[in-house]
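For reference, work_39.pdb is printed below; it contains PDB, C-alpha atoms.
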MODEL        1
ATOM      1  CA  MET A   1     -31.206  64.030  33.279  1.00  0.00           C
ATOM      2  CA  ILE A   2     -33.680  61.369  34.377  1.00  0.00           C
ATOM      3  CA  SER A   3     -34.826  58.851  31.781  1.00  0.00           C
ATOM      4  CA  ASN A   4     -38.480  58.256  30.921  1.00  0.00           C
ATOM      5  CA  LYS A   5     -38.268  54.758  32.413  1.00  0.00           C
ATOM      6  CA  GLU A   6     -36.866  56.059  35.704  1.00  0.00           C
ATOM      7  CA  LEU A   7     -39.504  58.779  35.843  1.00  0.00           C
ATOM      8  CA  ARG A   8     -42.323  56.294  35.289  1.00  0.00           C
ATOM      9  CA  GLU A   9     -40.883  53.983  37.953  1.00  0.00           C
ATOM     10  CA  GLN A  10     -40.779  56.853  40.431  1.00  0.00           C
ATOM     11  CA  ILE A  11     -44.299  58.023  39.588  1.00  0.00           C
ATOM     12  CA  PHE A  12     -45.853  54.573  39.780  1.00  0.00           C
ATOM     13  CA  SER A  13     -44.023  53.782  43.024  1.00  0.00           C
ATOM     14  CA  ASN A  14     -45.599  56.874  44.601  1.00  0.00           C
ATOM     15  CA  GLN A  15     -47.965  55.904  47.410  1.00  0.00           C
ATOM     16  CA  ILE A  16     -50.680  58.317  46.274  1.00  0.00           C
ATOM     17  CA  ILE A  17     -50.699  56.866  42.742  1.00  0.00           C
ATOM     18  CA  LYS A  18     -50.649  53.327  44.135  1.00  0.00           C
ATOM     19  CA  SER A  19     -53.561  54.177  46.420  1.00  0.00           C
ATOM     20  CA  LEU A  20     -55.520  55.762  43.575  1.00  0.00           C
ATOM     21  CA  LEU A  21     -55.012  52.759  41.312  1.00  0.00           C
ATOM     22  CA  GLY A  22     -55.823  50.405  44.186  1.00  0.00           C
ATOM     23  CA  GLN A  23     -59.229  52.051  44.624  1.00  0.00           C
ATOM     24  CA  ILE A  24     -60.244  51.384  41.023  1.00  0.00           C
ATOM     25  CA  GLU A  25     -61.940  47.995  40.938  1.00  0.00           C
ATOM     26  CA  ASP A  26     -62.740  47.809  37.220  1.00  0.00           C
ATOM     27  CA  GLU A  27     -59.598  46.617  35.394  1.00  0.00           C
ATOM     28  CA  ASN A  28     -60.598  48.487  32.217  1.00  0.00           C
ATOM     29  CA  GLU A  29     -60.908  51.749  34.147  1.00  0.00           C
ATOM     30  CA  LYS A  30     -57.616  51.071  35.916  1.00  0.00           C
ATOM     31  CA  GLU A  31     -55.893  50.548  32.549  1.00  0.00           C
ATOM     32  CA  LYS A  32     -57.468  53.733  31.157  1.00  0.00           C
ATOM     33  CA  THR A  33     -56.182  55.638  34.194  1.00  0.00           C
ATOM     34  CA  VAL A  34     -52.665  54.247  33.721  1.00  0.00           C
ATOM     35  CA  VAL A  35     -52.749  55.207  30.035  1.00  0.00           C
ATOM     36  CA  ALA A  36     -53.940  58.719  30.947  1.00  0.00           C
ATOM     37  CA  ILE A  37     -51.178  59.119  33.535  1.00  0.00           C
ATOM     38  CA  LYS A  38     -48.555  57.908  31.044  1.00  0.00           C
ATOM     39  CA  GLY A  39     -49.911  60.340  28.443  1.00  0.00           C
ATOM     40  CA  MET A  40     -49.635  63.224  30.894  1.00  0.00           C
ATOM     41  CA  LEU A  41     -46.080  62.180  31.763  1.00  0.00           C
ATOM     42  CA  ASP A  42     -45.158  62.064  28.073  1.00  0.00           C
ATOM     43  CA  GLN A  43     -46.591  65.552  27.540  1.00  0.00           C
ATOM     44  CA  LEU A  44     -44.747  66.922  30.540  1.00  0.00           C
ATOM     45  CA  GLN A  45     -41.507  65.244  29.471  1.00  0.00           C
ATOM     46  CA  GLY A  46     -41.869  66.716  25.977  1.00  0.00           C
ATOM     47  CA  LYS A  47     -42.472  70.191  27.358  1.00  0.00           C
ATOM     48  CA  PHE A  48     -39.543  69.845  29.733  1.00  0.00           C
ATOM     49  CA  ASN A  49     -37.272  68.671  26.921  1.00  0.00           C
ATOM     50  CA  GLY A  50     -38.310  71.625  24.745  1.00  0.00           C
ATOM     51  CA  LEU A  51     -37.775  74.073  27.578  1.00  0.00           C
ATOM     52  CA  SER A  52     -34.425  72.546  28.449  1.00  0.00           C
ATOM     53  CA  GLN A  53     -33.291  72.748  24.826  1.00  0.00           C
ATOM     54  CA  SER A  54     -34.373  76.397  24.635  1.00  0.00           C
ATOM     55  CA  TYR A  55     -32.391  77.251  27.758  1.00  0.00           C
ATOM     56  CA  GLU A  56     -29.337  75.477  26.359  1.00  0.00           C
ATOM     57  CA  GLU A  57     -29.594  77.446  23.113  1.00  0.00           C
ATOM     58  CA  ILE A  58     -29.939  80.735  25.003  1.00  0.00           C
ATOM     59  CA  ALA A  59     -26.939  79.867  27.155  1.00  0.00           C
ATOM     60  CA  LYS A  60     -24.870  79.044  24.061  1.00  0.00           C
ATOM     61  CA  LYS A  61     -25.845  82.337  22.405  1.00  0.00           C
ATOM     62  CA  GLN A  62     -24.997  84.326  25.530  1.00  0.00           C
ATOM     63  CA  GLY A  63     -21.719  82.464  25.915  1.00  0.00           C
ATOM     64  CA  SER A  64     -20.636  83.191  22.375  1.00  0.00           C
ATOM     65  CA  LYS A  65     -21.096  86.953  22.729  1.00  0.00           C
TER      66      LYS A  65
ENDMDL
END

Structure translated into structure tokens:
Amino acid sequence: MISNKELREQIFSNQIIKSLLGQIEDENEKEKTVVAIKGMLDQLQGKFNGLSQSYEEIAKKQGSK
């Protein structure tokens, strides 16, 4: 599984994200955008972790039958 740090590094090394952030001239707006992106990543990671855990539990239940 990919760590949060590795995921963030991959996201923020993406050319589209770099281009988007490069177009924002106001540093406060740029920081707000970075915070928003990080928040979205955290939400997605949390949902993925919950889904992954649910699948693992289902697999364990099916394996024990």

Output as CSV one row per residue of range 41-61 of chain A within 9 Å of range 4-22 of chain A: the closest atom pair and its distance in Å to one decimal place, counting only C-alpha atoms, sorted by chain and residue number ascending.
residue,atom,partner,partner_atom,distance
A:Leu41,CA,A:Arg8,CA,7.8
A:Asp42,CA,A:Asn4,CA,8.2
A:Gln45,CA,A:Asn4,CA,7.8

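Take CA of Glu25 in chain A and CA of Lys38 in chain A: the distance between them is 19.4 Å.
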
Find the axis-aligned box for range 18-26 of chain A, covering all its listed atoms and adding 8 Å on each side, and write its centre and edge lengths in Å to one decimal as lines of an AutoDock Vina configuration file.
center_x = -56.7
center_y = 51.8
center_z = 41.8
size_x = 28.1
size_y = 24.0
size_z = 25.2

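The gap separating CA of Ser3 in chain A from CA of Asn28 in chain A is 27.8 Å, in Å to one decimal.
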
Calculate how many Å separate CA of Gln23 in chain A from CA of Gly46 in chain A, rounding to one decimal.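 Interatomic distance here is 29.4 Å.
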